[in-house]
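Below is model_4.pdb, holding PDB, C-alpha atoms, pLDDT in the B column.
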ATOM      1  CA  GLN A  18      11.341  14.437  -2.840  1.00 82.00           C
ATOM      2  CA  VAL A  19       7.969  12.910  -2.125  1.00 90.00           C
ATOM      3  CA  GLN A  20       6.384  13.024   1.308  1.00 94.00           C
ATOM      4  CA  LEU A  21       3.831  10.348   2.171  1.00 96.00           C
ATOM      5  CA  VAL A  22       1.383  10.359   5.071  1.00 97.00           C
ATOM      6  CA  GLU A  23      -0.840   7.389   5.796  1.00 98.00           C
ATOM      7  CA  SER A  24      -4.145   7.530   7.628  1.00 98.00           C
ATOM      8  CA  GLY A  25      -7.220   5.418   8.262  1.00 98.00           C
ATOM      9  CA  GLY A  26      -5.826   2.719  10.492  1.00 97.00           C
ATOM     10  CA  GLY A  27      -7.576   1.569  13.628  1.00 97.00           C
ATOM     11  CA  LEU A  28      -9.053  -1.289  15.612  1.00 98.00           C
ATOM     12  CA  VAL A  29     -11.703  -3.379  13.870  1.00 97.00           C
ATOM     13  CA  GLN A  30     -13.251  -6.803  14.231  1.00 98.00           C
ATOM     14  CA  ALA A  31     -12.699  -9.754  11.936  1.00 98.00           C
ATOM     15  CA  GLY A  32     -14.886  -9.446   8.878  1.00 98.00           C
ATOM     16  CA  ASP A  33     -14.991  -5.656   8.983  1.00 98.00           C
ATOM     17  CA  SER A  34     -13.728  -3.261   6.343  1.00 98.00           C
ATOM     18  CA  LEU A  35     -11.280  -0.393   6.518  1.00 98.00           C
ATOM     19  CA  ARG A  36      -9.930   2.071   3.982  1.00 98.00           C
ATOM     20  CA  LEU A  37      -6.412   3.378   4.270  1.00 98.00           C
ATOM     21  CA  SER A  38      -5.337   6.595   2.600  1.00 98.00           C
ATOM     22  CA  CYS A  39      -1.901   7.837   1.663  1.00 97.00           C
ATOM     23  CA  ALA A  40      -1.559  11.515   0.873  1.00 96.00           C
ATOM     24  CA  ALA A  41       1.450  12.529  -1.198  1.00 95.00           C
ATOM     25  CA  SER A  42       3.112  15.902  -1.462  1.00 90.00           C
ATOM     26  CA  GLY A  43       6.212  17.184  -3.154  1.00 81.00           C
ATOM     27  CA  ARG A  44       7.044  16.104  -6.676  1.00 72.00           C
ATOM     28  CA  SER A  45       4.370  15.300  -9.193  1.00 81.00           C
ATOM     29  CA  PHE A  46       2.355  12.407  -7.838  1.00 80.00           C
ATOM     30  CA  VAL A  47       1.277  11.247 -11.268  1.00 82.00           C
ATOM     31  CA  ASN A  48       4.819  10.218 -12.132  1.00 86.00           C
ATOM     32  CA  TYR A  49       5.039   7.639  -9.361  1.00 91.00           C
ATOM     33  CA  ALA A  50       3.873   4.085  -9.001  1.00 94.00           C
ATOM     34  CA  MET A  51       2.541   3.451  -5.523  1.00 96.00           C
ATOM     35  CA  GLY A  52       2.568   0.505  -3.200  1.00 97.00           C
ATOM     36  CA  TRP A  53       1.369  -0.687   0.173  1.00 98.00           C
ATOM     37  CA  PHE A  54       3.459  -2.856   2.457  1.00 98.00           C
ATOM     38  CA  ARG A  55       2.807  -4.102   5.976  1.00 98.00           C
ATOM     39  CA  GLN A  56       4.797  -5.303   8.934  1.00 98.00           C
ATOM     40  CA  ALA A  57       3.304  -7.438  11.648  1.00 96.00           C
ATOM     41  CA  PRO A  58       4.883  -7.643  15.112  1.00 92.00           C
ATOM     42  CA  GLY A  59       7.984  -9.804  15.004  1.00 94.00           C
ATOM     43  CA  LYS A  60       7.805 -10.275  11.255  1.00 96.00           C
ATOM     44  CA  GLU A  61       9.507  -8.788   8.226  1.00 96.00           C
ATOM     45  CA  ARG A  62       7.880  -6.146   6.082  1.00 97.00           C
ATOM     46  CA  GLU A  63       5.844  -7.708   3.301  1.00 97.00           C
ATOM     47  CA  PHE A  64       4.283  -6.538   0.061  1.00 98.00           C
ATOM     48  CA  VAL A  65       0.527  -5.991  -0.003  1.00 98.00           C
ATOM     49  CA  ALA A  66      -0.410  -4.221  -3.229  1.00 98.00           C
ATOM     50  CA  ALA A  67       0.861  -1.842  -5.892  1.00 97.00           C
ATOM     51  CA  ILE A  68      -0.570   0.313  -8.644  1.00 96.00           C
ATOM     52  CA  SER A  69       1.100   1.728 -11.721  1.00 93.00           C
ATOM     53  CA  TRP A  70       1.562   5.451 -12.316  1.00 90.00           C
ATOM     54  CA  SER A  71      -1.338   5.387 -14.751  1.00 89.00           C
ATOM     55  CA  GLY A  72      -3.588   3.354 -12.474  1.00 88.00           C
ATOM     56  CA  GLY A  73      -4.035   0.859 -15.277  1.00 90.00           C
ATOM     57  CA  SER A  74      -2.168  -1.999 -13.652  1.00 94.00           C
ATOM     58  CA  THR A  75      -2.270  -3.449 -10.172  1.00 96.00           C
ATOM     59  CA  LYS A  76      -0.651  -6.294  -8.301  1.00 97.00           C
ATOM     60  CA  TYR A  77      -1.608  -7.993  -5.054  1.00 98.00           C
ATOM     61  CA  ALA A  78      -0.085 -10.382  -2.599  1.00 98.00           C
ATOM     62  CA  ASP A  79      -1.827 -13.752  -2.684  1.00 97.00           C
ATOM     63  CA  SER A  80      -2.836 -13.309   0.956  1.00 97.00           C
ATOM     64  CA  VAL A  81      -5.005 -10.260   0.172  1.00 98.00           C
ATOM     65  CA  LYS A  82      -6.130 -10.973  -3.394  1.00 98.00           C
ATOM     66  CA  GLY A  83      -9.904 -10.701  -3.659  1.00 97.00           C
ATOM     67  CA  ARG A  84     -10.198  -8.850  -0.335  1.00 98.00           C
ATOM     68  CA  PHE A  85      -8.073  -5.717  -0.812  1.00 98.00           C
ATOM     69  CA  THR A  86      -8.234  -3.126  -3.582  1.00 98.00           C
ATOM     70  CA  ILE A  87      -5.644  -0.469  -4.335  1.00 98.00           C
ATOM     71  CA  SER A  88      -6.645   2.672  -6.195  1.00 97.00           C
ATOM     72  CA  ARG A  89      -5.377   6.178  -6.775  1.00 96.00           C
ATOM     73  CA  ASP A  90      -6.877   9.620  -7.221  1.00 95.00           C
ATOM     74  CA  ASP A  91      -4.329  11.806  -8.945  1.00 92.00           C
ATOM     75  CA  ALA A  92      -6.459  14.917  -8.489  1.00 92.00           C
ATOM     76  CA  LYS A  93      -6.139  14.449  -4.745  1.00 94.00           C
ATOM     77  CA  ASN A  94      -2.580  13.088  -4.784  1.00 94.00           C
ATOM     78  CA  THR A  95      -3.845  10.148  -2.812  1.00 96.00           C
ATOM     79  CA  VAL A  96      -3.628   6.384  -3.011  1.00 97.00           C
ATOM     80  CA  TYR A  97      -6.094   4.154  -1.205  1.00 98.00           C
ATOM     81  CA  LEU A  98      -6.189   0.633   0.103  1.00 98.00           C
ATOM     82  CA  GLN A  99      -9.700  -0.694   0.579  1.00 98.00           C
ATOM     83  CA  MET A 100      -9.560  -3.683   2.905  1.00 98.00           C
ATOM     84  CA  ASN A 101     -12.565  -5.957   3.170  1.00 98.00           C
ATOM     85  CA  SER A 102     -13.173  -9.177   5.073  1.00 98.00           C
ATOM     86  CA  LEU A 103     -10.351  -8.369   7.432  1.00 98.00           C
ATOM     87  CA  LYS A 104      -8.704 -11.186   9.339  1.00 98.00           C
ATOM     88  CA  PRO A 105      -6.647 -11.139  12.551  1.00 97.00           C
ATOM     89  CA  GLU A 106      -3.592 -12.023  10.458  1.00 97.00           C
ATOM     90  CA  ASP A 107      -3.995  -8.693   8.662  1.00 98.00           C
ATOM     91  CA  THR A 108      -2.937  -6.947  11.867  1.00 98.00           C
ATOM     92  CA  ALA A 109       0.144  -4.878  11.070  1.00 98.00           C
ATOM     93  CA  VAL A 110       1.545  -1.449  10.511  1.00 98.00           C
ATOM     94  CA  TYR A 111       0.706  -0.513   6.939  1.00 98.00           C
ATOM     95  CA  TYR A 112       3.163   1.577   4.953  1.00 98.00           C
ATOM     96  CA  CYS A 113       2.657   3.535   1.776  1.00 98.00           C
ATOM     97  CA  ALA A 114       5.548   3.732  -0.675  1.00 97.00           C
ATOM     98  CA  ALA A 115       6.307   5.508  -3.951  1.00 96.00           C
ATOM     99  CA  SER A 116       8.517   4.463  -6.821  1.00 94.00           C
ATOM    100  CA  ALA A 117       9.751   6.509  -9.749  1.00 90.00           C
ATOM    101  CA  PHE A 118      10.314   3.341 -11.752  1.00 86.00           C
ATOM    102  CA  LEU A 119       9.012  -0.076 -10.814  1.00 80.00           C
ATOM    103  CA  GLY A 120       9.710  -1.802 -14.098  1.00 85.00           C
ATOM    104  CA  SER A 121       8.168  -5.194 -14.793  1.00 88.00           C
ATOM    105  CA  THR A 122       5.338  -6.256 -12.516  1.00 89.00           C
ATOM    106  CA  TYR A 123       7.607  -9.102 -11.429  1.00 90.00           C
ATOM    107  CA  TYR A 124       9.535  -6.564  -9.363  1.00 91.00           C
ATOM    108  CA  TRP A 125       6.597  -4.655  -7.877  1.00 94.00           C
ATOM    109  CA  SER A 126       6.739  -6.573  -4.616  1.00 95.00           C
ATOM    110  CA  ASP A 127      10.381  -5.709  -4.060  1.00 94.00           C
ATOM    111  CA  ALA A 128      10.653  -3.029  -1.362  1.00 95.00           C
ATOM    112  CA  VAL A 129      14.036  -1.799  -2.611  1.00 95.00           C
ATOM    113  CA  ARG A 130      12.302  -0.497  -5.745  1.00 94.00           C
ATOM    114  CA  TYR A 131      10.454   2.100  -3.683  1.00 96.00           C
ATOM    115  CA  GLY A 132      12.408   5.221  -2.866  1.00 94.00           C
ATOM    116  CA  TYR A 133       9.918   6.983  -0.626  1.00 95.00           C
ATOM    117  CA  TRP A 134       8.055   5.714   2.401  1.00 97.00           C
ATOM    118  CA  GLY A 135       5.506   6.952   4.869  1.00 98.00           C
ATOM    119  CA  LYS A 136       5.697   6.361   8.598  1.00 98.00           C
ATOM    120  CA  GLY A 137       2.858   3.878   8.651  1.00 98.00           C
ATOM    121  CA  THR A 138      -0.577   3.453  10.163  1.00 98.00           C
ATOM    122  CA  LEU A 139      -1.540   0.656  12.545  1.00 98.00           C
ATOM    123  CA  VAL A 140      -4.344  -1.737  11.690  1.00 98.00           C
ATOM    124  CA  THR A 141      -5.486  -4.103  14.407  1.00 98.00           C
ATOM    125  CA  VAL A 142      -8.044  -6.805  13.648  1.00 98.00           C
ATOM    126  CA  SER A 143      -9.558  -8.573  16.632  1.00 97.00           C
ATOM    127  CA  SER A 144     -11.039 -12.065  16.407  1.00 93.00           C
TER     128      SER A 144
END

In structure tokens, write the structure found in this file.
Amino acid sequence: QVQLVESGGGLVQAGDSLRLSCAASGRSFVNYAMGWFRQAPGKEREFVAAISWSGGSTKYADSVKGRFTISRDDAKNTVYLQMNSLKPEDTAVYYCAASAFLGSTYYWSDAVRYGYWGKGTLVTVSS
């Protein structure tokens, strides 16, 4: 079992930055690939970013590429999502997820590949 707890959400203005954190506990964090998803009001959950277990590979949704950066600190059992140049359309609940095996990067955006999820943290971006 892996327990995930997100933090760092809040209310910001368009153009601001925010860093989300996801603290993991339970089984060895280094064995898991990690991802961030988000769900806006009235919309389906969507992929944001993912990072391999080694930290050597990352993948981003086109909508956040160049603005968001995912990273991990295995010593702290934590994965981060640095969000810059935030837009009102980034408003959503952001979820952290862990996967024991993501496989090809083609599948990294597929939520069913992630077996563990946090409860989410709300990010609100005002215009």

Evaluate the PyMOL selection byres ((chain A and resi 22-39) around 8) and report residues as a list in words:
Gln20, Leu21, Ala40, Ala41, Thr95, Val96, Tyr97, Leu98, Gln99, Met100, Asn101, Ser102, Leu103, Lys104, Pro105, Tyr112, Cys113, Gly135, Lys136, Gly137, Thr138, Leu139, Val140, Thr141, Val142, Ser143 and Ser144 of chain A

From the options A:Ser116, A:Phe46, A:Gly52, A:Gly59, which residue's atoms come nearest to Thr86 in chain A, counting only C-alpha atoms?
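The answer is A:Gly52, which sits nearest to Thr86 in chain A.
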
Have a look at A:Tyr123, A:Phe54, A:Phe64, A:Trp70 and name the one nearest to Asp91 in chain A; count all atoms listed in the file.
A:Trp70

Using only C-alpha atoms, which of A:Ala66, A:Ala57, A:Leu119, A:Ala109 sits nearest Arg84 in chain A?
A:Ala66

Distance CA of Ser74 in chain A-CA of Arg62 in chain A, one decimal place?
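CA of Arg62 in chain A lies at a distance of 22.5 Å from CA of Ser74 in chain A.
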
Considering all atoms listed in the file, return as number ranges by chain whatever protein or nucleic-acid residues lie within 9 Å of Lys82 in chain A, sequence-local ones (same chain, fewer than 5 positions apart) excluded.
A: 65-66, 76-77

Repaired coordinates for range 79-105 of chain A (N, CA, C and O atoms) as an mmCIF file, in the frame of the given file:
data_model
loop_
_atom_site.group_PDB
_atom_site.id
_atom_site.type_symbol
_atom_site.label_atom_id
_atom_site.label_comp_id
_atom_site.auth_asym_id
_atom_site.auth_seq_id
_atom_site.Cartn_x
_atom_site.Cartn_y
_atom_site.Cartn_z
ATOM 1 N N ASP A 79 -0.830 -12.684 -2.673
ATOM 2 C CA ASP A 79 -1.827 -13.752 -2.684
ATOM 3 C C ASP A 79 -2.696 -13.712 -1.431
ATOM 4 O O ASP A 79 -3.889 -14.047 -1.486
ATOM 5 N N SER A 80 -2.122 -13.297 -0.320
ATOM 6 C CA SER A 80 -2.836 -13.309 0.956
ATOM 7 C C SER A 80 -3.976 -12.292 1.016
ATOM 8 O O SER A 80 -4.865 -12.412 1.866
ATOM 9 N N VAL A 81 -3.959 -11.298 0.134
ATOM 10 C CA VAL A 81 -5.005 -10.260 0.172
ATOM 11 C C VAL A 81 -5.824 -10.210 -1.106
ATOM 12 O O VAL A 81 -6.810 -9.466 -1.177
ATOM 13 N N LYS A 82 -5.445 -10.999 -2.101
ATOM 14 C CA LYS A 82 -6.130 -10.973 -3.394
ATOM 15 C C LYS A 82 -7.612 -11.313 -3.200
ATOM 16 O O LYS A 82 -7.960 -12.277 -2.516
ATOM 17 N N GLY A 83 -8.464 -10.497 -3.788
ATOM 18 C CA GLY A 83 -9.904 -10.701 -3.659
ATOM 19 C C GLY A 83 -10.507 -10.001 -2.462
ATOM 20 O O GLY A 83 -11.736 -9.890 -2.370
ATOM 21 N N ARG A 84 -9.695 -9.547 -1.533
ATOM 22 C CA ARG A 84 -10.198 -8.850 -0.335
ATOM 23 C C ARG A 84 -9.792 -7.384 -0.314
ATOM 24 O O ARG A 84 -10.537 -6.540 0.167
ATOM 25 N N PHE A 85 -8.594 -7.085 -0.816
ATOM 26 C CA PHE A 85 -8.073 -5.717 -0.812
ATOM 27 C C PHE A 85 -8.085 -5.143 -2.219
ATOM 28 O O PHE A 85 -7.899 -5.871 -3.200
ATOM 29 N N THR A 86 -8.278 -3.826 -2.307
ATOM 30 C CA THR A 86 -8.234 -3.126 -3.582
ATOM 31 C C THR A 86 -7.426 -1.851 -3.445
ATOM 32 O O THR A 86 -7.698 -1.036 -2.568
ATOM 33 N N ILE A 87 -6.438 -1.692 -4.311
ATOM 34 C CA ILE A 87 -5.644 -0.469 -4.335
ATOM 35 C C ILE A 87 -6.168 0.419 -5.459
ATOM 36 O O ILE A 87 -6.548 -0.065 -6.535
ATOM 37 N N SER A 88 -6.196 1.720 -5.191
ATOM 38 C CA SER A 88 -6.645 2.672 -6.195
ATOM 39 C C SER A 88 -5.936 3.996 -5.956
ATOM 40 O O SER A 88 -5.309 4.196 -4.916
ATOM 41 N N ARG A 89 -6.029 4.878 -6.936
ATOM 42 C CA ARG A 89 -5.377 6.178 -6.775
ATOM 43 C C ARG A 89 -6.274 7.268 -7.350
ATOM 44 O O ARG A 89 -7.012 7.032 -8.315
ATOM 45 N N ASP A 90 -6.164 8.435 -6.761
ATOM 46 C CA ASP A 90 -6.877 9.620 -7.221
ATOM 47 C C ASP A 90 -5.821 10.697 -7.426
ATOM 48 O O ASP A 90 -5.391 11.346 -6.469
ATOM 49 N N ASP A 91 -5.409 10.871 -8.657
ATOM 50 C CA ASP A 91 -4.329 11.806 -8.945
ATOM 51 C C ASP A 91 -4.733 13.253 -8.679
ATOM 52 O O ASP A 91 -3.889 14.097 -8.391
ATOM 53 N N ALA A 92 -5.998 13.555 -8.774
ATOM 54 C CA ALA A 92 -6.459 14.917 -8.489
ATOM 55 C C ALA A 92 -6.278 15.268 -7.021
ATOM 56 O O ALA A 92 -6.115 16.433 -6.658
ATOM 57 N N LYS A 93 -6.301 14.241 -6.186
ATOM 58 C CA LYS A 93 -6.139 14.449 -4.745
ATOM 59 C C LYS A 93 -4.772 14.013 -4.245
ATOM 60 O O LYS A 93 -4.514 14.059 -3.047
ATOM 61 N N ASN A 94 -3.904 13.585 -5.177
ATOM 62 C CA ASN A 94 -2.580 13.088 -4.784
ATOM 63 C C ASN A 94 -2.669 12.039 -3.691
ATOM 64 O O ASN A 94 -1.907 12.073 -2.707
ATOM 65 N N THR A 95 -3.577 11.126 -3.858
ATOM 66 C CA THR A 95 -3.845 10.148 -2.812
ATOM 67 C C THR A 95 -3.982 8.749 -3.393
ATOM 68 O O THR A 95 -4.577 8.572 -4.456
ATOM 69 N N VAL A 96 -3.442 7.787 -2.674
ATOM 70 C CA VAL A 96 -3.628 6.384 -3.011
ATOM 71 C C VAL A 96 -4.376 5.731 -1.855
ATOM 72 O O VAL A 96 -4.183 6.102 -0.693
ATOM 73 N N TYR A 97 -5.242 4.797 -2.200
ATOM 74 C CA TYR A 97 -6.094 4.154 -1.205
ATOM 75 C C TYR A 97 -5.856 2.649 -1.165
ATOM 76 O O TYR A 97 -5.444 2.041 -2.156
ATOM 77 N N LEU A 98 -6.159 2.078 -0.018
ATOM 78 C CA LEU A 98 -6.189 0.633 0.103
ATOM 79 C C LEU A 98 -7.495 0.274 0.805
ATOM 80 O O LEU A 98 -7.634 0.495 2.003
ATOM 81 N N GLN A 99 -8.435 -0.238 0.032
ATOM 82 C CA GLN A 99 -9.700 -0.694 0.579
ATOM 83 C C GLN A 99 -9.524 -2.132 1.041
ATOM 84 O O GLN A 99 -9.152 -3.000 0.249
ATOM 85 N N MET A 100 -9.773 -2.362 2.316
ATOM 86 C CA MET A 100 -9.560 -3.683 2.905
ATOM 87 C C MET A 100 -10.894 -4.232 3.392
ATOM 88 O O MET A 100 -11.513 -3.637 4.279
ATOM 89 N N ASN A 101 -11.320 -5.308 2.796
ATOM 90 C CA ASN A 101 -12.565 -5.957 3.170
ATOM 91 C C ASN A 101 -12.293 -7.324 3.777
ATOM 92 O O ASN A 101 -11.215 -7.894 3.608
ATOM 93 N N SER A 102 -13.283 -7.838 4.468
ATOM 94 C CA SER A 102 -13.173 -9.177 5.073
ATOM 95 C C SER A 102 -11.873 -9.328 5.851
ATOM 96 O O SER A 102 -11.129 -10.306 5.675
ATOM 97 N N LEU A 103 -11.610 -8.373 6.699
ATOM 98 C CA LEU A 103 -10.351 -8.369 7.432
ATOM 99 C C LEU A 103 -10.243 -9.561 8.364
ATOM 100 O O LEU A 103 -11.238 -10.034 8.927
ATOM 101 N N LYS A 104 -9.005 -10.028 8.501
ATOM 102 C CA LYS A 104 -8.704 -11.186 9.339
ATOM 103 C C LYS A 104 -7.696 -10.764 10.412
ATOM 104 O O LYS A 104 -6.932 -9.814 10.207
ATOM 105 N N PRO A 105 -7.645 -11.479 11.525
ATOM 106 C CA PRO A 105 -6.647 -11.139 12.551
ATOM 107 C C PRO A 105 -5.224 -11.130 12.001
ATOM 108 O O PRO A 105 -4.403 -10.323 12.445
#
